[in-house]
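Printed here is run.txt (compact mmCIF, C-alpha atoms):
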# COMPACT_ATOMS: atom_id res chain seq x y z
CA MET A 1 -74.14 8.25 7.79
CA LEU A 2 -75.30 6.42 10.90
CA ASN A 3 -71.88 4.92 11.66
CA PHE A 4 -70.75 6.56 14.92
CA LYS A 5 -68.00 4.05 15.63
CA ASP A 6 -65.34 6.73 16.08
CA ALA A 7 -67.64 9.41 17.53
CA GLN A 8 -66.17 11.49 20.35
CA ILE A 9 -69.13 13.62 21.40
CA ASN A 10 -68.82 15.02 24.92
CA PHE A 11 -72.30 14.14 26.16
CA MET A 12 -71.45 14.57 29.83
CA LYS A 13 -70.32 18.16 29.22
CA GLN A 14 -73.87 18.90 28.06
CA ARG A 15 -75.54 17.01 30.91
CA LYS A 16 -76.52 20.12 32.89
CA LEU A 17 -78.22 21.67 29.87
CA ALA A 18 -79.94 18.36 29.09
CA LEU A 19 -81.16 18.00 32.68
CA ILE A 20 -82.49 21.58 32.66
CA ILE A 21 -84.38 20.92 29.41
CA SER A 22 -85.78 17.65 30.79
CA LEU A 23 -86.77 19.23 34.10
CA THR A 24 -88.53 22.05 32.24
CA LEU A 25 -90.44 19.56 30.07
CA ILE A 26 -91.41 17.46 33.10
CA ILE A 27 -92.70 20.48 35.03
CA ALA A 28 -94.62 21.70 31.98
CA SER A 29 -96.09 18.21 31.49
CA LEU A 30 -97.15 17.92 35.14
CA LEU A 31 -98.78 21.37 35.04
CA THR A 32 -100.60 20.44 31.83
CA LEU A 33 -101.78 17.17 33.38
CA TYR A 34 -102.95 19.02 36.51
CA PHE A 35 -104.87 21.80 34.75
CA ARG A 36 -106.08 20.04 31.57
CA GLY A 37 -105.96 16.39 32.54
CA LEU A 38 -106.13 13.50 30.10
CA ASN A 39 -108.90 13.08 27.56
CA PHE A 40 -109.87 9.55 28.60
CA GLY A 41 -111.50 7.39 25.97
CA ILE A 42 -114.54 5.18 26.36
CA ASP A 43 -112.37 2.40 27.84
CA PHE A 44 -111.82 4.52 30.95
CA THR A 45 -114.90 6.75 31.10
CA GLY A 46 -117.50 4.20 30.10
CA GLY A 47 -119.97 4.63 27.25
CA THR A 48 -121.77 2.84 24.44
CA LEU A 49 -120.27 0.78 21.62
CA ILE A 50 -122.39 0.16 18.51
CA GLU A 51 -121.50 -2.06 15.53
CA VAL A 52 -123.43 -1.44 12.31
CA HIS A 53 -123.20 -3.50 9.11
CA TYR A 54 -123.68 -1.81 5.73
CA PRO A 55 -124.71 -3.83 2.66
CA GLU A 56 -121.91 -2.14 0.70
CA PRO A 57 -118.55 -0.50 1.55
CA VAL A 58 -119.01 2.89 3.18
CA GLY A 59 -116.48 5.63 3.88
CA LEU A 60 -116.01 7.01 7.38
CA GLU A 61 -116.06 10.51 5.90
CA ILE A 62 -119.77 9.88 5.21
CA VAL A 63 -120.69 8.44 8.62
CA ARG A 64 -118.90 11.01 10.80
CA PRO A 65 -120.61 14.15 9.38
CA THR A 66 -123.99 12.44 9.74
CA LEU A 67 -123.44 11.94 13.47
CA GLU A 68 -121.91 15.41 13.92
CA THR A 69 -124.97 17.14 12.46
CA HIS A 70 -127.12 15.40 15.10
CA GLY A 71 -124.96 16.50 18.03
CA TYR A 72 -122.52 13.57 18.31
CA GLU A 73 -119.32 15.50 17.53
CA ARG A 74 -117.14 13.40 19.85
CA ALA A 75 -118.28 10.03 18.54
CA ILE A 76 -115.39 7.74 17.61
CA VAL A 77 -116.10 6.11 14.23
CA GLN A 78 -113.90 3.43 12.69
CA HIS A 79 -114.05 0.43 10.40
CA PHE A 80 -114.20 -2.95 12.11
CA GLY A 81 -112.70 -5.76 10.07
CA THR A 82 -114.10 -4.71 6.68
CA SER A 83 -115.16 -1.46 5.03
CA GLN A 84 -118.80 -2.60 5.41
CA ASP A 85 -118.69 -2.83 9.22
CA VAL A 86 -118.58 0.40 11.22
CA LEU A 87 -117.82 0.63 14.93
CA ILE A 88 -119.13 3.68 16.80
CA ARG A 89 -118.13 4.65 20.34
CA ILE A 90 -120.21 7.21 22.22
CA ALA A 91 -119.16 8.67 25.56
CA PRO A 92 -121.79 8.46 28.32
CA ARG A 93 -124.37 11.25 28.51
CA GLU A 94 -126.17 12.34 31.63
CA ASP A 95 -129.82 11.31 31.98
CA GLU A 96 -129.72 9.26 28.77
CA ASP A 97 -130.35 5.53 28.68
CA SER A 98 -127.73 3.52 26.77
CA ALA A 99 -130.36 1.38 25.01
CA LEU A 100 -132.19 4.47 23.80
CA LEU A 101 -128.89 6.00 22.72
CA SER A 102 -127.97 3.02 20.56
CA ASN A 103 -131.43 3.03 18.97
CA GLU A 104 -131.12 6.74 18.25
CA ILE A 105 -127.70 6.31 16.61
CA PHE A 106 -129.00 3.44 14.46
CA ARG A 107 -132.07 5.48 13.46
CA ILE A 108 -129.87 8.42 12.39
CA LEU A 109 -127.62 6.22 10.26
CA GLN A 110 -130.56 4.35 8.73
CA ALA A 111 -132.29 7.61 7.77
CA ASP A 112 -129.16 8.82 6.01
CA PHE A 113 -128.64 5.59 4.02
CA ALA A 114 -130.78 4.39 1.13
CA GLY A 115 -130.35 0.66 1.85
CA VAL A 116 -131.07 -1.50 4.88
CA LEU A 117 -128.57 -1.49 7.76
CA GLU A 118 -128.00 -4.24 10.29
CA LEU A 119 -127.40 -3.54 13.98
CA ARG A 120 -124.97 -6.28 14.91
CA ARG A 121 -123.80 -5.41 18.40
CA VAL A 122 -124.45 -2.99 21.24
CA GLU A 123 -122.23 -2.93 24.33
CA PHE A 124 -122.21 -0.64 27.32
CA VAL A 125 -119.19 0.06 29.53
CA GLY A 126 -120.24 1.51 32.88
CA PRO A 127 -118.33 4.38 34.53
CA GLN A 128 -117.36 2.11 37.43
CA VAL A 129 -115.70 -0.38 35.06
CA GLY A 130 -113.89 2.49 33.33
CA GLU A 131 -112.63 3.79 36.68
CA GLU A 132 -111.34 0.33 37.60
CA LEU A 133 -109.51 0.11 34.27
CA ARG A 134 -107.93 3.50 34.97
CA GLU A 135 -106.72 2.38 38.38
CA GLN A 136 -105.45 -0.96 37.11
CA GLY A 137 -103.62 0.73 34.24
CA GLY A 138 -101.86 3.10 36.62
CA LEU A 139 -100.93 0.23 38.90
CA ALA A 140 -99.56 -1.73 35.93
CA MET A 141 -97.08 1.07 35.19
CA LEU A 142 -96.08 1.37 38.85
CA TYR A 143 -95.52 -2.38 39.14
CA ALA A 144 -93.43 -2.34 35.96
CA LEU A 145 -91.23 0.49 37.27
CA PHE A 146 -90.84 -1.22 40.66
CA GLY A 147 -89.84 -4.50 39.02
CA ILE A 148 -87.30 -2.66 36.86
CA LEU A 149 -85.88 -0.96 39.97
CA ILE A 150 -85.24 -4.33 41.62
CA TYR A 151 -83.89 -6.00 38.46
CA ILE A 152 -81.31 -3.31 37.66
CA ALA A 153 -80.26 -3.04 41.32
CA LEU A 154 -79.47 -6.77 41.27
CA ARG A 155 -77.97 -6.74 37.76
CA PHE A 156 -75.81 -3.60 38.11
CA GLU A 157 -75.86 -1.28 41.14
CA TRP A 158 -78.57 0.64 42.99
CA ARG A 159 -77.46 4.00 41.58
CA PHE A 160 -77.94 2.68 38.07
CA SER A 161 -81.33 1.33 39.14
CA VAL A 162 -82.54 4.72 40.39
CA GLY A 163 -81.14 6.45 37.30
CA ALA A 164 -82.93 4.05 34.94
CA VAL A 165 -86.29 4.38 36.71
CA LEU A 166 -86.04 8.18 36.79
CA ALA A 167 -85.23 8.17 33.06
CA LEU A 168 -88.27 5.94 32.39
CA MET A 169 -90.51 8.21 34.47
CA HIS A 170 -89.15 11.13 32.44
CA ASP A 171 -90.24 9.39 29.20
CA VAL A 172 -93.73 8.52 30.46
CA ILE A 173 -94.47 11.94 31.99
CA ILE A 174 -93.46 13.85 28.86
CA THR A 175 -95.51 11.53 26.63
CA LEU A 176 -98.54 11.97 28.90
CA GLY A 177 -97.97 15.73 28.93
CA ILE A 178 -98.10 15.90 25.13
CA PHE A 179 -101.31 13.86 25.07
CA SER A 180 -102.80 16.16 27.69
CA LEU A 181 -101.71 19.31 25.84
CA LEU A 182 -103.21 18.12 22.54
CA GLN A 183 -106.23 16.55 24.29
CA LEU A 184 -105.81 13.32 22.34
CA ASP A 185 -107.91 10.32 23.34
CA PHE A 186 -106.21 8.24 26.01
CA ASP A 187 -107.49 4.67 25.84
CA LEU A 188 -106.21 1.15 26.51
CA GLY A 189 -104.22 1.19 23.25
CA VAL A 190 -102.28 4.27 24.38
CA LEU A 191 -101.71 2.69 27.80
CA ALA A 192 -100.28 -0.40 26.05
CA ALA A 193 -98.04 1.92 24.02
CA LEU A 194 -96.72 3.53 27.22
CA LEU A 195 -95.84 0.12 28.65
CA ALA A 196 -94.08 -0.70 25.36
CA VAL A 197 -92.16 2.60 25.62
CA ILE A 198 -90.99 1.60 29.12
CA GLY A 199 -89.65 -1.68 27.76
CA TYR A 200 -88.02 -0.08 24.72
CA SER A 201 -86.37 2.75 26.66
CA LEU A 202 -85.19 0.34 29.35
CA ASN A 203 -83.54 -1.84 26.71
CA ASP A 204 -81.58 1.16 25.40
CA THR A 205 -80.58 2.19 28.91
CA ILE A 206 -79.42 -1.34 29.83
CA VAL A 207 -77.18 -1.44 26.74
CA VAL A 208 -75.54 1.85 27.77
CA TYR A 209 -75.14 0.74 31.41
CA ASP A 210 -73.63 -2.58 30.35
CA ARG A 211 -71.03 -0.80 28.21
CA ILE A 212 -70.26 1.59 31.11
CA ARG A 213 -69.61 -1.35 33.43
CA GLU A 214 -67.46 -3.06 30.80
CA ASN A 215 -65.39 0.09 30.17
CA PHE A 216 -64.83 0.67 33.89
CA ARG A 217 -63.08 -2.73 33.90
CA LYS A 218 -61.04 -2.03 30.76
CA LEU A 219 -60.11 1.65 31.14
CA ARG A 220 -58.16 2.04 34.35
CA LYS A 221 -56.78 5.58 33.88
CA GLU A 222 -59.82 7.47 32.56
CA SER A 223 -62.12 9.39 34.89
CA ALA A 224 -65.74 8.39 35.47
CA MET A 225 -66.92 11.16 33.14
CA GLN A 226 -64.60 9.98 30.35
CA VAL A 227 -65.77 6.40 30.77
CA MET A 228 -69.41 7.52 30.56
CA ASN A 229 -68.73 9.53 27.40
CA LEU A 230 -66.86 6.69 25.71
CA SER A 231 -69.59 4.19 26.61
CA ILE A 232 -72.38 6.36 25.20
CA ASN A 233 -70.36 6.99 22.03
CA HIS A 234 -69.65 3.26 21.64
CA THR A 235 -73.38 2.46 21.76
CA LEU A 236 -74.52 5.55 19.83
CA SER A 237 -74.62 3.81 16.44
CA ARG A 238 -76.78 0.99 17.80
CA THR A 239 -79.09 3.42 19.61
CA ILE A 240 -79.66 5.67 16.59
CA ILE A 241 -80.12 2.86 14.06
CA THR A 242 -82.56 0.99 16.31
CA GLY A 243 -84.55 4.16 16.92
CA VAL A 244 -84.68 5.15 13.24
CA THR A 245 -85.76 1.72 12.00
CA THR A 246 -88.46 1.51 14.68
CA LEU A 247 -89.72 4.99 13.82
CA LEU A 248 -90.05 4.03 10.15
CA VAL A 249 -92.48 1.27 11.10
CA LEU A 250 -94.41 3.53 13.47
CA LEU A 251 -94.67 6.34 10.93
CA ALA A 252 -96.14 3.83 8.47
CA LEU A 253 -98.68 2.79 11.13
CA PHE A 254 -99.51 6.42 11.92
CA PHE A 255 -100.11 7.53 8.33
CA LEU A 256 -101.43 4.28 6.82
CA GLY A 257 -102.96 2.40 9.74
CA GLY A 258 -106.12 4.47 9.96
CA SER A 259 -107.66 6.33 12.87
CA VAL A 260 -107.77 3.16 15.01
CA LEU A 261 -103.97 3.01 15.30
CA GLN A 262 -103.06 6.70 15.13
CA ASN A 263 -102.98 7.49 18.86
CA PHE A 264 -101.27 4.18 19.60
CA ALA A 265 -98.58 4.88 16.98
CA LEU A 266 -98.21 8.52 18.09
CA ALA A 267 -97.65 7.51 21.73
CA LEU A 268 -94.92 5.11 20.61
CA ILE A 269 -93.33 7.72 18.31
CA ILE A 270 -93.17 10.31 21.10
CA GLY A 271 -91.98 7.74 23.63
CA ILE A 272 -89.22 6.36 21.41
CA VAL A 273 -87.90 9.83 20.50
CA VAL A 274 -87.91 10.92 24.15
CA GLY A 275 -86.62 7.51 25.29
CA THR A 276 -83.68 7.62 22.88
CA TYR A 277 -82.82 11.10 24.14
CA SER A 278 -83.03 10.00 27.79
CA SER A 279 -80.86 6.92 27.16
CA ILE A 280 -78.14 9.14 25.70
CA TYR A 281 -78.32 12.23 27.89
CA ILE A 282 -80.27 11.47 31.06
CA ALA A 283 -79.64 7.92 32.30
CA GLY A 284 -75.84 8.20 32.41
CA ALA A 285 -75.94 11.77 33.76
CA LEU A 286 -78.20 10.75 36.64
CA ALA A 287 -75.94 7.82 37.52
CA LEU A 288 -72.91 10.14 37.46
CA MET A 289 -74.68 12.68 39.68
CA MET A 290 -75.39 9.93 42.23
CA GLY A 291 -71.71 9.10 42.51
CA VAL A 292 -71.09 6.18 40.15
CA ASP A 293 -67.32 5.85 39.72
CA ARG A 294 -64.62 3.19 39.57
CA SER A 295 -64.69 2.58 43.34
CA VAL A 296 -68.39 1.75 43.10
CA MET A 297 -68.14 -0.44 40.01
CA LEU A 298 -64.84 -2.14 40.98
CA PRO A 299 -64.59 -2.29 44.77
CA VAL A 300 -61.01 -2.60 46.00
CA LYS A 301 -60.25 -6.05 47.37
CA LYS A 302 -58.74 -6.32 50.82
CA GLU A 303 -55.03 -6.98 50.92
CA GLY A 304 -54.35 -10.69 50.76
CA ALA A 305 -57.98 -11.56 49.97
CA SER A 306 -57.06 -13.00 46.59
CA GLN A 307 -54.07 -14.99 47.89
CA PRO A 308 -54.80 -18.64 48.67
CA SER A 309 -53.87 -19.98 52.07
CA LEU A 310 -50.98 -22.43 52.64
CA ASP A 311 -53.43 -25.27 53.14
CA GLU A 312 -55.16 -24.44 49.84
CA GLN A 313 -51.79 -24.39 48.04
CA GLN A 314 -50.93 -27.93 49.15
CA PRO A 315 -52.13 -30.73 46.89
Can you turn what I pasted into structure tokens?
Amino acid sequence: MLNFKDAQINFMKQRKLALIISLTLIIASLLTLYFRGLNFGIDFTGGTLIEVHYPEPVGLEIVRPTLETHGYERAIVQHFGTSQDVLIRIAPREDEDSALLSNEIFRILQADFAGVLELRRVEFVGPQVGEELREQGGLAMLYALFGILIYIALRFEWRFSVGAVLALMHDVIITLGIFSLLQLDFDLGVLAALLAVIGYSLNDTIVVYDRIRENFRKLRKESAMQVMNLSINHTLSRTIITGVTTLLVLLALFFLGGSVLQNFALALIIGIVVGTYSSIYIAGALALMMGVDRSVMLPVKKEGASQPSLDEQQP
């Protein structure tokens, strides 16, 4: 069912519709990011981290309601290593000392549990550190995109380079827009997922671009649009199968990996779906719009340039 070896889908005919859809999603994502912003996690906002050890396994569905009834609805609760160790993350609160906050959380949990709890660790991340992490994370993505721009310009041609970077920006912006719309926690794990999406989507785009360059050398009579279509169809089977198999792993992480991995897996799921779409519909269309054709890929040699001189012909 996933064998598209003889597929003849006219992707370039649908490029205007695809670009309109992508542009609409990008504008909607930017507006959502502007008006709603991202729901930054404790890694970026700062806050208190508390590790509590229970003498017996405890379910998170018991710990969360206990904290919610005492006004800590946004506390992030997760198991840490074993089902007996619970990690609690609390966002910073105005006019509240972090040491007093950790003692209050421990007192609440101890009062709700019949046995004796152990407070193993308390850490505090200041707002300044969180802001630095935010800035460094944004710079990491910009550096990655800039490096990709240079690499593809050297490997292929500058039009391909711009097309690939725009396609990657398309993937990242839409993923961020969905996280902003749903107000999901954006932490270092999600940032790592976005960087992984950039690498994954770039890999797909490079495969398509490489086949386009190869077909420009082989197919001398077809137009640039026909070469683009054939190249995307030739790589379609590989693109779909790679995406499906990766999604199977990520869906398992999302549903079975627990709350710790859910946002990380969701960011990768969204990014891979959008990245696969952009590799098929957007990257090639952008390169075509910027004037990629046979004259660009195979510059005409000057007359006599390939002929050796008389001196070179002599032994």
### Query
A:Val172, A:Val274, A:Ala265, A:Ala287: which is nearest Gly243 of chain A, counting only C-alpha atoms?
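Closest residue, counting only C-alpha atoms: A:Val274.
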### Message
If we count only C-alpha atoms and set the cut-off at 10 Å, which residues sit around Val63 of chain A, ignoring sequence neighbours fewer than 5 positions away in its own chain? Please answer as an NGL selection string.
### Response
:A and (58 or 68 or 77-78 or 86 or 88 or 108-109 or 112-113)
### Query
Any idea what's packed within 12 Å of segment 234-237 of chain A, counting only C-alpha atoms, ignoring anything in its chain fewer than 3 positions away? Could you give it as a PyMOL selection string?
chain A and resi 1-9+11+204-212+214-215+227-231+240-244+276-277+279-281
### Task
Measuring atom to atom with all atoms listed in the file, identify which of A:Ile76, A:Ile62, A:Val165, A:Leu286 is nearest to Leu19 of chain A.
A:Leu286
Mind working out the centre and edge lengths of an axis-aligned box for segment 229-245 of chain A, all listed atoms inside, 8 Å added to each side, rounded to one decimal in Å and written as AutoDock Vina command-line options?
--center_x -76.3 --center_y 5.3 --center_z 19.7 --size_x 34.9 --size_y 24.5 --size_z 31.4
### Task
For Val162 of chain A, work out the shell of residues within 8 Å, counting all atoms listed in the file and skipping chain neighbours fewer than 4 positions away, then give it as a list in words.
Leu149, Trp158, Leu166 and Ala287 of chain A
Long-range neighbours of segment 188-198 of chain A as a compact mmCIF listing (two decimals) with C-alpha atoms, in the coordinates of the input, 8 Å cut-off, only C-alpha atoms, 3 positions minimum in chain:
# COMPACT_ATOMS: atom_id res chain seq x y z
CA ASP A 43 -112.37 2.40 27.84
CA PHE A 44 -111.82 4.52 30.95
CA GLY A 137 -103.62 0.73 34.24
CA MET A 141 -97.08 1.07 35.19
CA LEU A 168 -88.27 5.94 32.39
CA ASP A 171 -90.24 9.39 29.20
CA VAL A 172 -93.73 8.52 30.46
CA SER A 201 -86.37 2.75 26.66
CA LEU A 202 -85.19 0.34 29.35
CA ASN A 263 -102.98 7.49 18.86
CA PHE A 264 -101.27 4.18 19.60
CA ALA A 265 -98.58 4.88 16.98
CA ALA A 267 -97.65 7.51 21.73
CA LEU A 268 -94.92 5.11 20.61
CA GLY A 271 -91.98 7.74 23.63
CA ILE A 272 -89.22 6.36 21.41
CA GLY A 275 -86.62 7.51 25.29
#### Entry: Point-to-point distance in Å for atom CA of Thr239 of chain A and atom CA of Ala283 of chain A
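So the answer is 13.5 Å.
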Considering all atoms listed in the file, return as a PDB file with C-alpha atoms, keeping the file's coordinate frame whatever protein or nucleic-acid residues lie within 8 Å of Ile269 of chain A, sequence-local ones (same chain, fewer than 5 positions apart) excluded.
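What follows is the written file around_0.pdb:
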ATOM      1  CA  LEU A 247     -89.720   4.990  13.820  1.00  0.00           C
ATOM      2  CA  LEU A 250     -94.410   3.530  13.470  1.00  0.00           C
ATOM      3  CA  LEU A 251     -94.670   6.340  10.930  1.00  0.00           C
TER       4      LEU A 251
END
### Message
What's the separation between atom CA of Gly291 of chain A and atom CA of Thr24 of chain A, in Å to one decimal place?
### Response
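Separation of atom CA of Gly291 of chain A and atom CA of Thr24 of chain A: 23.6 Å.
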### Query
Smallest atom-to-atom distance to Arg89 of chain A: which of A:Gly47, A:Ile26, A:Thr69, A:Leu60, using all atoms listed in the file?
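Of A:Gly47, A:Ile26, A:Thr69, A:Leu60, the one nearest Arg89 of chain A is A:Gly47, counting all atoms listed in the file.
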### Task
Take atom CA of Arg120 of chain A and atom CA of Asn39 of chain A and report the distance between them in Å, one decimal.
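These two atoms are separated by 28.2 Å.
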#### Entry: Pick from A:Ile90, A:Met169, A:Phe216, A:Phe254, whichever lies nearest to Ala144 of chain A using only C-alpha atoms
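Ranking A:Ile90, A:Met169, A:Phe216, A:Phe254 by distance to Ala144 of chain A, first place goes to A:Met169.
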### Query
Pick from A:Leu266, A:Gln14, A:Glu132, A:Thr48: nearest to Thr175 of chain A, with only C-alpha atoms counted?
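Nearest candidate to Thr175 of chain A out of A:Leu266, A:Gln14, A:Glu132, A:Thr48: A:Leu266.
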Could I see segment 44-54 of chain A restored to all heavy atoms, set down as a PDB file, keeping the file's coordinate frame?
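Result file is out_38.pdb:
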ATOM      1  N   PHE A  44    -112.005   4.060  29.584  1.00  0.00           N
ATOM      2  CA  PHE A  44    -111.820   4.520  30.950  1.00  0.00           C
ATOM      3  C   PHE A  44    -113.006   5.311  31.489  1.00  0.00           C
ATOM      4  O   PHE A  44    -113.205   5.372  32.701  1.00  0.00           O
ATOM      5  CB  PHE A  44    -110.557   5.382  31.041  1.00  0.00           C
ATOM      6  CG  PHE A  44    -109.296   4.642  30.700  1.00  0.00           C
ATOM      7  CD1 PHE A  44    -108.526   5.025  29.621  1.00  0.00           C
ATOM      8  CD2 PHE A  44    -108.880   3.570  31.459  1.00  0.00           C
ATOM      9  CE1 PHE A  44    -107.360   4.352  29.298  1.00  0.00           C
ATOM     10  CE2 PHE A  44    -107.723   2.879  31.146  1.00  0.00           C
ATOM     11  CZ  PHE A  44    -106.953   3.266  30.063  1.00  0.00           C
ATOM     12  N   THR A  45    -113.774   5.943  30.626  1.00  0.00           N
ATOM     13  CA  THR A  45    -114.900   6.750  31.100  1.00  0.00           C
ATOM     14  C   THR A  45    -116.211   5.988  31.071  1.00  0.00           C
ATOM     15  O   THR A  45    -117.184   6.396  31.693  1.00  0.00           O
ATOM     16  CB  THR A  45    -115.059   8.004  30.215  1.00  0.00           C
ATOM     17  OG1 THR A  45    -115.335   7.613  28.869  1.00  0.00           O
ATOM     18  CG2 THR A  45    -113.803   8.853  30.241  1.00  0.00           C
ATOM     19  N   GLY A  46    -116.250   4.882  30.323  1.00  0.00           N
ATOM     20  CA  GLY A  46    -117.500   4.200  30.100  1.00  0.00           C
ATOM     21  C   GLY A  46    -118.206   4.788  28.880  1.00  0.00           C
ATOM     22  O   GLY A  46    -117.813   5.840  28.369  1.00  0.00           O
ATOM     23  N   GLY A  47    -119.255   4.136  28.413  1.00  0.00           N
ATOM     24  CA  GLY A  47    -119.970   4.630  27.250  1.00  0.00           C
ATOM     25  C   GLY A  47    -120.610   3.489  26.480  1.00  0.00           C
ATOM     26  O   GLY A  47    -120.703   2.357  26.975  1.00  0.00           O
ATOM     27  N   THR A  48    -121.050   3.806  25.263  1.00  0.00           N
ATOM     28  CA  THR A  48    -121.770   2.840  24.440  1.00  0.00           C
ATOM     29  C   THR A  48    -121.006   2.510  23.180  1.00  0.00           C
ATOM     30  O   THR A  48    -120.467   3.422  22.532  1.00  0.00           O
ATOM     31  CB  THR A  48    -123.164   3.389  24.066  1.00  0.00           C
ATOM     32  OG1 THR A  48    -123.859   3.743  25.261  1.00  0.00           O
ATOM     33  CG2 THR A  48    -123.975   2.352  23.304  1.00  0.00           C
ATOM     34  N   LEU A  49    -120.928   1.235  22.838  1.00  0.00           N
ATOM     35  CA  LEU A  49    -120.270   0.780  21.620  1.00  0.00           C
ATOM     36  C   LEU A  49    -121.331   0.159  20.707  1.00  0.00           C
ATOM     37  O   LEU A  49    -122.095  -0.704  21.146  1.00  0.00           O
ATOM     38  CB  LEU A  49    -119.185  -0.233  21.949  1.00  0.00           C
ATOM     39  CG  LEU A  49    -118.342  -0.777  20.796  1.00  0.00           C
ATOM     40  CD1 LEU A  49    -116.924  -1.038  21.257  1.00  0.00           C
ATOM     41  CD2 LEU A  49    -118.945  -2.076  20.249  1.00  0.00           C
ATOM     42  N   ILE A  50    -121.371   0.610  19.463  1.00  0.00           N
ATOM     43  CA  ILE A  50    -122.390   0.160  18.510  1.00  0.00           C
ATOM     44  C   ILE A  50    -121.695  -0.322  17.236  1.00  0.00           C
ATOM     45  O   ILE A  50    -120.866   0.406  16.673  1.00  0.00           O
ATOM     46  CB  ILE A  50    -123.367   1.301  18.163  1.00  0.00           C
ATOM     47  CG1 ILE A  50    -123.970   1.889  19.446  1.00  0.00           C
ATOM     48  CG2 ILE A  50    -124.461   0.833  17.222  1.00  0.00           C
ATOM     49  CD1 ILE A  50    -124.500   3.278  19.278  1.00  0.00           C
ATOM     50  N   GLU A  51    -122.034  -1.530  16.790  1.00  0.00           N
ATOM     51  CA  GLU A  51    -121.500  -2.060  15.530  1.00  0.00           C
ATOM     52  C   GLU A  51    -122.633  -2.144  14.509  1.00  0.00           C
ATOM     53  O   GLU A  51    -123.662  -2.781  14.763  1.00  0.00           O
ATOM     54  CB  GLU A  51    -120.886  -3.437  15.744  1.00  0.00           C
ATOM     55  CG  GLU A  51    -120.267  -4.004  14.475  1.00  0.00           C
ATOM     56  CD  GLU A  51    -119.733  -5.413  14.647  1.00  0.00           C
ATOM     57  OE1 GLU A  51    -119.604  -5.862  15.806  1.00  0.00           O
ATOM     58  OE2 GLU A  51    -119.461  -6.077  13.621  1.00  0.00           O
ATOM     59  N   VAL A  52    -122.417  -1.491  13.365  1.00  0.00           N
ATOM     60  CA  VAL A  52    -123.430  -1.440  12.310  1.00  0.00           C
ATOM     61  C   VAL A  52    -122.842  -2.024  11.036  1.00  0.00           C
ATOM     62  O   VAL A  52    -121.701  -1.707  10.672  1.00  0.00           O
ATOM     63  CB  VAL A  52    -123.893   0.016  12.058  1.00  0.00           C
ATOM     64  CG1 VAL A  52    -124.930   0.064  10.936  1.00  0.00           C
ATOM     65  CG2 VAL A  52    -124.468   0.611  13.334  1.00  0.00           C
ATOM     66  N   HIS A  53    -123.631  -2.877  10.363  1.00  0.00           N
ATOM     67  CA  HIS A  53    -123.200  -3.500   9.110  1.00  0.00           C
ATOM     68  C   HIS A  53    -123.921  -2.856   7.933  1.00  0.00           C
ATOM     69  O   HIS A  53    -125.151  -2.753   7.925  1.00  0.00           O
ATOM     70  CB  HIS A  53    -123.480  -4.998   9.124  1.00  0.00           C
ATOM     71  CG  HIS A  53    -123.129  -5.686   7.844  1.00  0.00           C
ATOM     72  ND1 HIS A  53    -121.829  -5.956   7.472  1.00  0.00           N
ATOM     73  CD2 HIS A  53    -123.928  -6.148   6.826  1.00  0.00           C
ATOM     74  CE1 HIS A  53    -121.831  -6.565   6.296  1.00  0.00           C
ATOM     75  NE2 HIS A  53    -123.099  -6.676   5.877  1.00  0.00           N
ATOM     76  N   TYR A  54    -123.129  -2.378   6.957  1.00  0.00           N
ATOM     77  CA  TYR A  54    -123.680  -1.810   5.730  1.00  0.00           C
ATOM     78  C   TYR A  54    -123.691  -2.874   4.627  1.00  0.00           C
ATOM     79  O   TYR A  54    -122.764  -3.700   4.567  1.00  0.00           O
ATOM     80  CB  TYR A  54    -122.836  -0.614   5.278  1.00  0.00           C
ATOM     81  CG  TYR A  54    -123.085   0.658   6.069  1.00  0.00           C
ATOM     82  CD1 TYR A  54    -122.575   0.825   7.352  1.00  0.00           C
ATOM     83  CD2 TYR A  54    -123.823   1.696   5.521  1.00  0.00           C
ATOM     84  CE1 TYR A  54    -122.801   1.990   8.070  1.00  0.00           C
ATOM     85  CE2 TYR A  54    -124.056   2.864   6.232  1.00  0.00           C
ATOM     86  CZ  TYR A  54    -123.543   3.005   7.500  1.00  0.00           C
ATOM     87  OH  TYR A  54    -123.771   4.164   8.208  1.00  0.00           O
TER      88      TYR A  54
END
